[in-house]
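Source file: run.csv; contents: CSV, C-alpha atoms and all ligand atoms.
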```csv
chain,number,residue,atom,x,y,z
I,1,MET,CA,-8.2,-28.0,7.6
I,2,ILE,CA,-8.2,-24.5,6.2
I,3,LYS,CA,-9.3,-25.8,2.8
I,4,GLU,CA,-12.2,-27.7,4.5
I,5,LEU,CA,-13.4,-24.7,6.3
I,6,GLU,CA,-13.2,-22.6,3.2
I,7,GLU,CA,-15.2,-25.2,1.3
I,8,GLU,CA,-17.8,-25.1,4.1
I,9,ILE,CA,-18.1,-21.3,3.7
I,10,ARG,CA,-18.5,-21.7,0.0
I,11,ARG,CA,-21.3,-24.3,0.5
I,12,THR,CA,-23.2,-22.2,3.1
I,13,PRO,CA,-25.7,-19.7,1.6
I,14,TYR,CA,-25.2,-16.3,3.3
I,15,ASN,CA,-28.2,-15.1,5.2
I,16,LYS,CA,-29.1,-13.7,8.6
I,17,ALA,CA,-29.5,-17.2,10.0
I,18,THR,CA,-26.1,-18.4,8.8
I,19,ALA,CA,-24.2,-15.2,9.4
I,20,ARG,CA,-23.0,-16.2,12.8
I,21,HIS,CA,-21.7,-19.5,11.7
I,22,ILE,CA,-19.9,-18.0,8.7
I,23,GLY,CA,-18.4,-15.3,10.9
I,24,ARG,CA,-17.1,-18.0,13.3
I,25,LEU,CA,-15.6,-20.1,10.4
I,26,LYS,CA,-13.8,-17.1,8.9
I,27,ALA,CA,-12.4,-16.2,12.3
I,28,ARG,CA,-11.2,-19.8,12.7
I,29,ILE,CA,-9.5,-19.8,9.3
I,30,ALA,CA,-7.8,-16.5,10.2
I,31,LYS,CA,-6.5,-18.0,13.4
I,32,LEU,CA,-5.3,-21.2,11.8
I,33,ARG,CA,-3.4,-19.1,9.2
I,34,GLU,CA,-1.7,-17.2,11.9
I,35,GLU,CA,-0.7,-20.3,13.8
I,36,ALA,CA,0.6,-22.0,10.6
I,37,SER,CA,2.8,-19.1,9.7
I,38,LYS,CA,4.2,-18.9,13.2
I,39,LYS,CA,4.9,-22.6,13.3
I,40,SER,CA,6.7,-22.7,10.0
I,41,GLY,CA,9.0,-19.9,11.3
I,42,LYS,CA,8.1,-17.8,8.4
I,43,SER,CA,7.1,-14.8,10.5
I,44,LYS,CA,6.4,-11.4,9.1
I,45,GLY,CA,9.8,-9.9,9.6
I,46,LYS,CA,11.8,-12.5,7.9
I,47,GLY,CA,11.0,-11.7,4.3
I,48,PHE,CA,11.9,-8.1,5.0
I,49,LEU,CA,14.6,-7.7,2.4
I,50,ILE,CA,13.7,-4.2,1.2
I,51,LYS,CA,15.7,-1.4,2.6
I,52,LYS,CA,13.8,1.9,2.4
I,53,THR,CA,15.7,4.9,1.0
I,54,GLY,CA,14.5,7.9,-0.9
I,55,ASP,CA,11.1,9.6,-0.4
I,56,ALA,CA,8.9,6.6,-1.1
I,57,THR,CA,9.1,2.9,-2.0
I,58,VAL,CA,7.1,1.2,-4.8
I,59,VAL,CA,7.0,-2.5,-5.5
I,60,LEU,CA,6.1,-4.1,-8.9
I,61,VAL,CA,4.1,-7.3,-8.4
I,62,GLY,CA,2.8,-9.7,-11.0
I,63,PHE,CA,3.0,-13.1,-12.6
I,64,PRO,CA,6.3,-14.2,-14.1
I,65,SER,CA,7.2,-12.7,-17.5
I,66,VAL,CA,4.5,-9.9,-17.5
I,67,GLY,CA,7.4,-7.5,-18.1
I,68,LYS,CA,8.2,-6.1,-14.7
I,69,SER,CA,12.0,-6.0,-15.3
I,70,THR,CA,11.5,-4.3,-18.6
I,71,LEU,CA,9.1,-1.8,-17.0
I,72,LEU,CA,11.5,-1.1,-14.2
I,73,ASN,CA,14.2,-0.3,-16.7
I,74,LYS,CA,11.9,2.2,-18.4
I,75,LEU,CA,10.7,3.9,-15.2
I,76,THR,CA,14.2,4.2,-13.7
I,77,ASN,CA,17.2,5.2,-15.8
I,78,ALA,CA,19.9,2.6,-15.8
I,79,GLU,CA,22.5,5.0,-14.3
I,80,SER,CA,20.5,5.7,-11.3
I,81,LYS,CA,20.0,2.0,-10.5
I,82,VAL,CA,20.9,1.3,-6.9
I,83,GLY,CA,23.7,-1.1,-7.5
I,84,ASN,CA,25.1,-4.0,-5.5
I,85,TYR,CA,22.3,-4.8,-3.1
I,86,GLN,CA,23.3,-7.8,-1.0
I,87,PHE,CA,20.2,-9.8,-0.9
I,88,THR,CA,21.3,-13.1,0.5
I,89,THR,CA,18.4,-15.2,-0.5
I,90,LEU,CA,16.6,-13.4,-3.2
I,91,ASN,CA,17.3,-11.3,-6.2
I,92,ILE,CA,15.3,-8.2,-5.6
I,93,VAL,CA,16.3,-5.4,-7.9
I,94,PRO,CA,15.8,-1.8,-7.0
I,95,GLY,CA,15.9,1.3,-9.2
I,96,MET,CA,15.4,4.9,-8.6
I,97,LEU,CA,12.8,7.0,-10.3
I,98,GLU,CA,13.3,10.8,-10.0
I,99,TYR,CA,10.1,12.6,-10.7
I,100,LYS,CA,9.1,16.2,-9.8
I,101,GLY,CA,12.0,16.4,-7.4
I,102,ALA,CA,11.0,13.1,-5.6
I,103,LYS,CA,13.3,10.1,-5.3
I,104,ILE,CA,11.0,7.1,-5.7
I,105,GLN,CA,12.6,3.7,-5.1
I,106,ILE,CA,11.1,1.0,-7.3
I,107,PHE,CA,11.6,-2.7,-6.7
I,108,ASP,CA,11.0,-5.6,-9.1
I,109,ILE,CA,10.4,-8.8,-7.2
I,110,PRO,CA,10.4,-12.3,-8.7
I,111,GLY,CA,7.1,-13.2,-10.4
I,112,ILE,CA,4.3,-14.4,-8.1
I,113,ILE,CA,2.5,-17.7,-8.9
I,114,LYS,CA,-0.8,-19.0,-7.5
I,115,GLY,CA,0.0,-20.7,-4.2
I,116,ALA,CA,3.1,-18.5,-3.6
I,117,SER,CA,1.7,-17.5,-0.2
I,118,GLU,CA,1.7,-21.1,0.8
I,119,GLY,CA,5.4,-21.2,0.4
I,120,LYS,CA,5.8,-22.4,-3.2
I,121,GLY,CA,9.1,-21.2,-4.6
I,122,ARG,CA,10.0,-19.0,-1.6
I,123,GLY,CA,6.8,-17.2,-2.4
I,124,ARG,CA,6.0,-16.3,1.1
I,125,GLU,CA,9.2,-14.5,1.6
I,126,VAL,CA,8.9,-12.7,-1.7
I,127,LEU,CA,5.3,-11.7,-0.9
I,128,SER,CA,6.2,-10.5,2.6
I,129,SER,CA,8.8,-8.1,1.2
I,130,VAL,CA,5.9,-6.2,-0.4
I,131,ARG,CA,5.0,-5.1,3.1
I,132,ALA,CA,7.6,-2.4,2.9
I,133,ALA,CA,5.9,-0.7,-0.1
I,134,ASP,CA,4.2,2.7,0.1
I,135,LEU,CA,2.5,1.7,-3.2
I,136,ILE,CA,1.9,-1.6,-4.9
I,137,VAL,CA,1.9,-1.6,-8.6
I,138,VAL,CA,0.2,-4.8,-9.9
I,139,VAL,CA,1.5,-5.5,-13.4
I,140,MET,CA,-0.6,-7.6,-15.7
I,141,ASP,CA,0.0,-9.1,-19.1
I,142,VAL,CA,-2.6,-7.9,-21.6
I,143,PHE,CA,-3.4,-11.6,-22.2
I,144,ASN,CA,-3.6,-12.5,-18.5
I,145,LEU,CA,-5.9,-10.2,-16.6
I,146,ASP,CA,-6.1,-12.4,-13.5
I,147,TYR,CA,-5.9,-9.5,-11.0
I,148,ASP,CA,-7.7,-11.4,-8.2
I,149,THR,CA,-5.1,-14.2,-7.8
I,150,ILE,CA,-2.3,-11.6,-7.2
I,151,ILE,CA,-4.5,-9.8,-4.7
I,152,ASN,CA,-5.4,-13.0,-2.9
I,153,GLU,CA,-1.8,-14.0,-2.6
I,154,LEU,CA,-1.0,-10.7,-1.0
I,155,ARG,CA,-4.0,-11.0,1.3
I,156,ASN,CA,-2.7,-14.3,2.4
I,157,VAL,CA,0.4,-12.7,3.9
I,158,ASP,CA,-1.8,-10.1,5.7
I,159,ILE,CA,-1.4,-7.3,3.2
I,160,ARG,CA,-4.6,-5.5,2.3
I,161,PRO,CA,-4.0,-3.9,-1.1
I,162,GLY,CA,-6.2,-0.9,-1.8
I,163,GLU,CA,-8.1,-1.0,1.5
I,164,LYS,CA,-8.4,1.6,4.1
I,165,PRO,CA,-7.6,0.4,7.7
I,166,PRO,CA,-10.9,-0.5,9.4
I,167,ASP,CA,-12.4,2.2,11.6
I,168,ILE,CA,-12.9,-0.2,14.4
I,169,ARG,CA,-11.6,-0.2,18.0
I,170,ILE,CA,-11.6,-3.2,20.2
I,171,LYS,CA,-10.7,-2.4,23.8
I,172,LYS,CA,-10.3,-5.6,25.8
I,173,LYS,CA,-11.4,-5.5,29.5
I,174,GLU,CA,-11.1,-7.7,32.6
I,175,ARG,CA,-14.9,-8.0,33.0
I,176,GLY,CA,-18.2,-6.5,32.0
I,177,GLY,CA,-19.0,-8.5,28.9
I,178,ILE,CA,-19.1,-7.3,25.3
I,179,ASN,CA,-20.4,-3.7,24.7
I,180,ILE,CA,-20.9,-2.8,21.1
I,181,TYR,CA,-21.3,0.7,19.7
I,182,SER,CA,-21.8,1.0,16.0
I,183,THR,CA,-22.7,3.8,13.6
I,184,ASN,CA,-24.4,1.3,11.3
I,185,LYS,CA,-26.7,-1.6,11.9
I,186,VAL,CA,-24.9,-4.6,13.0
I,187,ASP,CA,-25.9,-8.1,14.0
I,188,GLU,CA,-24.4,-8.2,17.6
I,189,GLU,CA,-24.5,-12.0,17.7
I,190,VAL,CA,-22.1,-12.2,14.7
I,191,VAL,CA,-19.7,-9.8,16.5
I,192,ARG,CA,-19.9,-11.8,19.7
I,193,SER,CA,-19.4,-15.2,18.0
I,194,ILE,CA,-16.3,-13.9,16.2
I,195,LEU,CA,-14.9,-12.4,19.4
I,196,ARG,CA,-15.5,-15.7,21.2
I,197,GLU,CA,-13.4,-17.5,18.6
I,198,TYR,CA,-10.6,-15.2,19.7
I,199,ASN,CA,-11.4,-15.9,23.4
I,200,ILE,CA,-12.5,-12.3,23.9
I,201,TYR,CA,-15.4,-12.2,26.4
I,202,SER,CA,-15.1,-8.7,27.7
I,203,ALA,CA,-14.5,-5.7,25.5
I,204,ASP,CA,-15.7,-2.3,24.3
I,205,VAL,CA,-16.2,-2.5,20.6
I,206,ILE,CA,-16.6,0.6,18.5
I,207,ILE,CA,-17.4,0.2,14.9
I,208,ARG,CA,-17.5,3.4,12.7
I,209,GLU,CA,-18.1,1.8,9.3
I,210,LYS,CA,-20.4,-0.6,7.5
I,211,PHE,CA,-19.9,-3.9,9.2
I,212,ASP,CA,-17.9,-6.5,7.3
I,213,VAL,CA,-16.8,-9.9,8.8
I,214,ASP,CA,-13.4,-9.9,7.1
I,215,ARG,CA,-12.6,-6.4,8.2
I,216,PHE,CA,-13.7,-7.0,11.7
I,217,ILE,CA,-11.4,-10.1,11.9
I,218,ASP,CA,-8.6,-7.9,10.5
I,219,ALA,CA,-9.2,-5.4,13.3
I,220,ILE,CA,-9.0,-8.1,16.0
I,221,ALA,CA,-5.8,-9.5,14.5
I,222,GLY,CA,-4.4,-6.0,14.3
I,223,ASN,CA,-1.3,-7.0,12.2
I,224,ARG,CA,-2.5,-6.2,8.6
I,225,THR,CA,-0.7,-3.8,6.4
I,226,TYR,CA,-2.8,-1.4,4.3
I,227,ILE,CA,-1.1,-0.3,1.1
I,228,PRO,CA,-2.6,1.5,-1.9
I,229,VAL,CA,-2.5,-0.2,-5.2
I,230,LEU,CA,-2.2,0.8,-8.9
I,231,LYS,CA,-3.2,-1.5,-11.7
I,232,VAL,CA,-1.0,-1.6,-14.8
I,233,VAL,CA,-1.7,-3.7,-18.0
I,234,ASN,CA,1.5,-4.2,-20.1
I,235,LYS,CA,2.2,-5.3,-23.6
I,236,ILE,CA,-0.6,-3.4,-25.2
I,237,ASP,CA,1.5,-3.2,-28.4
I,238,LEU,CA,0.4,-6.8,-29.0
I,239,VAL,CA,-3.4,-6.2,-29.3
I,240,ASN,CA,-5.9,-4.3,-31.4
I,241,LYS,CA,-8.3,-1.5,-30.5
I,242,GLU,CA,-11.2,-3.9,-30.0
I,243,TYR,CA,-9.2,-5.9,-27.4
I,244,LEU,CA,-8.1,-2.7,-25.6
I,245,LYS,CA,-11.7,-1.7,-25.2
I,246,HIS,CA,-12.3,-5.1,-23.4
I,247,VAL,CA,-9.3,-4.4,-21.1
I,248,LYS,CA,-10.6,-0.9,-20.3
I,249,SER,CA,-14.1,-2.2,-19.5
I,250,LYS,CA,-12.7,-4.8,-17.2
I,251,PHE,CA,-10.2,-2.3,-15.5
I,252,PRO,CA,-11.4,1.3,-16.0
I,253,ASP,CA,-8.8,2.6,-13.6
I,254,ALA,CA,-5.8,0.6,-14.9
I,255,ILE,CA,-2.9,2.3,-16.8
I,256,LEU,CA,-2.3,0.6,-20.1
I,257,VAL,CA,1.3,0.6,-21.2
I,258,SER,CA,3.8,-1.0,-23.4
I,259,ALA,CA,7.2,-1.2,-21.7
I,260,LYS,CA,8.8,-2.4,-24.9
I,261,ASN,CA,7.5,0.5,-27.1
I,262,ASN,CA,7.5,3.2,-24.4
I,263,LEU,CA,3.7,3.7,-24.5
I,264,ASN,CA,2.2,5.6,-21.6
I,265,ILE,CA,5.3,5.4,-19.5
I,266,ASP,CA,5.2,9.1,-18.6
I,267,LYS,CA,1.5,8.7,-17.6
I,268,LEU,CA,2.5,5.8,-15.4
I,269,LYS,CA,5.2,7.9,-13.7
I,270,GLU,CA,2.6,10.6,-13.0
I,271,GLU,CA,0.1,8.1,-11.6
I,272,ILE,CA,2.8,6.6,-9.3
I,273,PHE,CA,3.6,10.1,-8.0
I,274,LYS,CA,-0.1,10.9,-7.5
I,275,ASN,CA,-1.0,7.6,-5.8
I,276,LEU,CA,1.9,7.9,-3.4
I,277,ASN,CA,0.2,11.1,-2.2
I,278,LEU,CA,3.4,13.1,-2.4
I,279,ILE,CA,3.5,16.8,-2.4
I,280,ARG,CA,6.2,19.4,-3.0
I,281,ILE,CA,7.0,22.1,-0.4
I,282,TYR,CA,9.4,24.9,-1.2
I,283,THR,CA,11.4,26.5,1.6
I,284,LYS,CA,12.3,30.1,1.6
I,285,LYS,CA,14.9,32.0,3.7
I,286,PRO,CA,14.0,35.5,4.8
I,287,GLY,CA,14.8,38.0,2.1
I,288,LYS,CA,15.7,35.3,-0.5
I,289,ASP,CA,13.8,33.6,-3.3
I,290,PRO,CA,12.2,30.2,-2.6
I,291,ASN,CA,14.4,27.2,-3.3
I,292,TYR,CA,12.6,25.9,-6.3
I,293,LYS,CA,15.5,23.5,-7.2
I,294,GLU,CA,15.1,21.2,-4.2
I,295,PRO,CA,11.6,20.9,-2.9
I,296,LEU,CA,11.0,19.0,0.2
I,297,ILE,CA,9.0,15.9,-0.7
I,298,MET,CA,6.2,15.4,1.9
I,299,ARG,CA,3.0,13.5,2.2
I,300,LYS,CA,-0.5,14.9,1.6
I,301,GLY,CA,-1.9,16.2,4.9
I,302,CYS,CA,1.5,17.1,6.3
I,303,THR,CA,1.8,20.1,8.6
I,304,ILE,CA,4.3,22.8,9.4
I,305,GLU,CA,5.5,20.6,12.3
I,306,ASP,CA,6.3,17.8,9.8
I,307,VAL,CA,8.3,20.2,7.7
I,308,CYS,CA,10.3,21.4,10.8
I,309,LYS,CA,11.1,17.8,11.6
I,310,LYS,CA,12.3,17.0,8.1
I,311,LEU,CA,14.5,20.1,8.0
I,312,HIS,CA,16.3,19.9,11.4
I,313,LYS,CA,15.1,19.4,14.9
I,314,SER,CA,16.2,22.9,15.9
I,315,PHE,CA,13.4,24.3,13.7
I,316,LEU,CA,10.9,22.6,16.0
I,317,GLU,CA,12.8,23.5,19.3
I,318,ASP,CA,13.1,27.2,18.4
I,319,PHE,CA,9.9,27.5,16.4
I,320,ARG,CA,8.2,30.9,16.6
I,321,TYR,CA,5.8,30.9,13.6
I,322,ALA,CA,5.8,30.2,9.9
I,323,ARG,CA,4.7,32.1,6.8
I,324,VAL,CA,3.0,30.4,4.0
I,325,TRP,CA,2.4,31.3,0.3
I,326,GLY,CA,0.3,29.0,-2.0
I,327,LYS,CA,-2.8,27.0,-2.0
I,328,SER,CA,-3.1,26.4,1.7
I,329,ALA,CA,-2.6,30.1,2.6
I,330,LYS,CA,-5.6,32.4,2.9
I,331,PHE,CA,-3.4,35.2,1.6
I,332,ASN,CA,0.3,35.6,0.6
I,333,GLY,CA,2.7,35.2,3.5
I,334,GLN,CA,0.0,34.2,6.0
I,335,LYS,CA,1.3,33.7,9.5
I,336,VAL,CA,0.6,30.1,10.8
I,337,GLY,CA,1.4,27.7,13.6
I,338,LEU,CA,2.8,24.2,13.7
I,339,GLU,CA,-0.6,22.5,13.1
I,340,HIS,CA,-1.2,24.3,9.7
I,341,VAL,CA,-1.9,21.7,7.0
I,342,LEU,CA,0.1,22.3,3.7
I,343,GLU,CA,-0.7,21.7,0.1
I,344,ASP,CA,1.3,20.8,-3.0
I,345,GLY,CA,3.4,23.6,-4.2
I,346,ASP,CA,3.3,25.7,-1.0
I,347,ILE,CA,6.2,28.0,-0.1
I,348,VAL,CA,7.1,28.0,3.6
I,349,GLN,CA,9.3,30.2,5.7
I,350,ILE,CA,10.1,29.2,9.3
I,351,ILE,CA,10.8,31.9,11.8
I,352,LYS,CA,12.8,30.9,14.7
I,353,LYS,CA,13.1,32.4,18.2
I,354,VAL,CA,16.2,34.6,18.5
I,401,LIG,N1,5.5,-7.2,-26.8
I,401,LIG,C1,5.9,-6.8,-25.6
I,401,LIG,N2,6.8,-7.6,-24.9
I,401,LIG,C2,7.2,-7.2,-23.7
I,401,LIG,C3,6.8,-6.0,-23.1
I,401,LIG,N3,7.4,-5.8,-21.9
I,401,LIG,C4,8.2,-6.9,-21.8
I,401,LIG,N4,8.1,-7.8,-22.8
I,401,LIG,C5,8.7,-9.1,-23.0
I,401,LIG,O1,8.2,-10.0,-22.1
I,401,LIG,C6,9.2,-10.9,-21.6
I,401,LIG,C7,9.3,-10.9,-20.1
I,401,LIG,O2,9.8,-9.6,-19.7
I,401,LIG,P1,10.4,-9.4,-18.3
I,401,LIG,O3,10.6,-7.9,-18.1
I,401,LIG,O4,11.6,-10.3,-18.1
I,401,LIG,O5,9.3,-9.9,-17.3
I,401,LIG,P2,9.3,-10.1,-15.7
I,401,LIG,O6,7.9,-9.8,-15.3
I,401,LIG,O7,10.3,-9.3,-15.1
I,401,LIG,O8,9.6,-11.6,-15.5
I,401,LIG,P3,10.0,-12.4,-14.2
I,401,LIG,O9,11.3,-11.8,-13.7
I,401,LIG,O10,10.0,-13.8,-14.6
I,401,LIG,O11,8.9,-12.1,-13.2
I,401,LIG,C8,10.5,-10.4,-22.3
I,401,LIG,O12,10.7,-11.2,-23.4
I,401,LIG,C9,10.2,-9.0,-22.7
I,401,LIG,O13,10.9,-8.6,-23.8
I,401,LIG,C10,5.9,-5.2,-23.9
I,401,LIG,O14,5.5,-4.1,-23.5
I,401,LIG,N5,5.5,-5.7,-25.1
```

Reformat the file's structure so that it appears as C-alpha cells.
Amino acid sequence: MIKELEEEIRRTPYNKATARHIGRLKARIAKLREEASKKSGKSKGKGFLIKKTGDATVVLVGFPSVGKSTLLNKLTNAESKVGNYQFTTLNIVPGMLEYKGAKIQIFDIPGIIKGASEGKGRGREVLSSVRAADLIVVVMDVFNLDYDTIINELRNVDIRPGEKPPDIRIKKKERGGINIYSTNKVDEEVVRSILREYNIYSADVIIREKFDVDRFIDAIAGNRTYIPVLKVVNKIDLVNKEYLKHVKSKFPDAILVSAKNNLNIDKLKEEIFKNLNLIRIYTKKPGKDPNYKEPLIMRKGCTIEDVCKKLHKSFLEDFRYARVWGKSAKFNGQKVGLEHVLEDGDIVQIIKKV
C-alpha cells in the first residue's frame, strides 16, 4: 500500500493544482507507517539499547565494512573503551573519546543496509538506537558515496538527520474550524487537506517558516527526533588526487579520512566536538585561580542557571549573583544573573547567599 502511494506521488507532476492531492498522499503514507510500526510491536522505545554516559553521545552510521569499527578504535583509545556492555540482542560497541576535557561516548552500530528500516536483519532496532545520539556521524566508503540511502533509512524510523525542528505550532480545538497564521505564503487548502487526513477539523495553526509538506506532517506527528549530522568519507588512502577532487565536489562539507593510515583523525575529533556544540566553562572559587584542569562541559547557549544546576542544586537555591571573565563578559569580573548566556572558555564564579 505504501509503495503504491509512493509510486503515485512519483507519477504526479507537482504544481499548484496537484499540491493538495500530493499533500494528502504524503500524510496518508506517514499515517500508514505509524500504524505499521505500532502493529509490529517495534515501537520507538524498544531499540533503545544505548545508555547515555559522559558529556555527549555520538553514533557512527554507515553501510557494512566502511570502516566504522576501525574508526572507532582510532577515535577512542582502547584502554578507555567502556567494557562489558550487556546488550542482549545486539552487539553495539561503545568507546570513549576524551577531547578538550569532554568525555564523548562513541557507538559503532552494525552496518545498515537498504531496507533496514523495514525490519531486514534487525535493522529497525539498530536504526532506532540512533535516536539516542546527540550527533550522527555518517561514515561512507570512498568507493560508495550513497549518502541518501543511509539518510532515508534513518528518516524511515522518524529521525530527521541534519534538520532543525519545524517552527510550526498546531493547537487542536473543540470547534472553530482551521485558522492558519503563516509568516510566508502558504496554500491554505494544502494545509487543510493534510489536517483532514489526520482527522483534525478545528485548530490554530502557526507556521513560522517556508511551508513544506513533509515538515508540516512531521509537526503534526510530533514524534520526530532532530539530530545534527556529520559526513565522513573513509579509506581515502585507496584513491588518487583526481578522485579526491570528485569526492570533495560531491560532499564539500565532508571530512575525508583514512582510519587505517591515521589521516585526518585529529581533524575529525575537532569537528565532532564542534558539531556537538559543546563549550568549556571554568569555575573559580573566590581568591583562587580558575580550575583549568577540569572544565565543565556545557552546551552552546547555556546560562549561569545551567551551570548552577550542573554543579550542585545548592548553587541555585542559595544563588546571589555570579561573576564572569571571558568572551561573554563586557568587562573582567562582570556581575551577572542566572539568565546570563555563557561562551566557550568563560570563567565563572558563583556567589552564594550567606
Ligand atoms: N584501505 C583502508 N581500509 C580500511 C580503512 N578503514 C577500514 N578498512 C578496512 O575495511 C574493512 C572493514 O572495516 P571495519 O572497521 O570492520 O568496518 P565496519 O564498518 O565496522 O564493518 P561492519 O561492522 O560490517 O559494519 C577492514 O578490512 C578494514 O581493515 C581505511 O581507512 N583504509

| task | Counting only C-alpha atoms, note down every residue that has an atom within 9 Å of the point (1.7, 14.3, -4.7) (file coordinates), as a list in words. | result | Phe273, Lys274, Asn275, Leu276, Asn277, Leu278, Ile279, Arg280, Ile297, Met298, Arg299, Lys300 and Asp344 of chain I

| message | Can you pull out every residue with an atom within 12 Å of ligand LIG 401 (chain I)? Use all atoms listed in the file and format it as JSON, numbers by chain. | response | {"I": [60, 61, 62, 63, 64, 65, 66, 67, 68, 69, 70, 71, 72, 73, 74, 90, 91, 92, 93, 107, 108, 109, 110, 111, 112, 113, 126, 138, 139, 140, 141, 142, 143, 232, 233, 234, 235, 236, 237, 238, 239, 256, 257, 258, 259, 260, 261, 262, 263, 264, 265]}

| query | Using only C-alpha atoms, which residue out of I:Val137, I:Ala56, I:Ala17, I:Ile351 lies closest to I:Leu268? | reply | I:Val137

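Checking I:Ile227, I:Ile29, I:Val324, I:Val186 one by one against I:Phe211, counting only C-alpha atoms, you find the shortest gap at I:Val186.
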
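One finds atom CA of I:Val341 at 5.8 Å from atom CA of I:Cys302.
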
| task | List the residues sitting within 6 Å of (4.7, 3.3, -7.1) in the file's frame, using only C-alpha atoms, as a list in words. | result |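 The requested residues, written out, are Val58, Leu135, Val137 and Ile272 of chain I.
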
| field | Atomic separation - atom CA of I:Pro161 relative to atom CA of I:Glu197, Å | value |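 If I compute the distance from atom CA of I:Glu197 to atom CA of I:Pro161, I get 25.7 Å.
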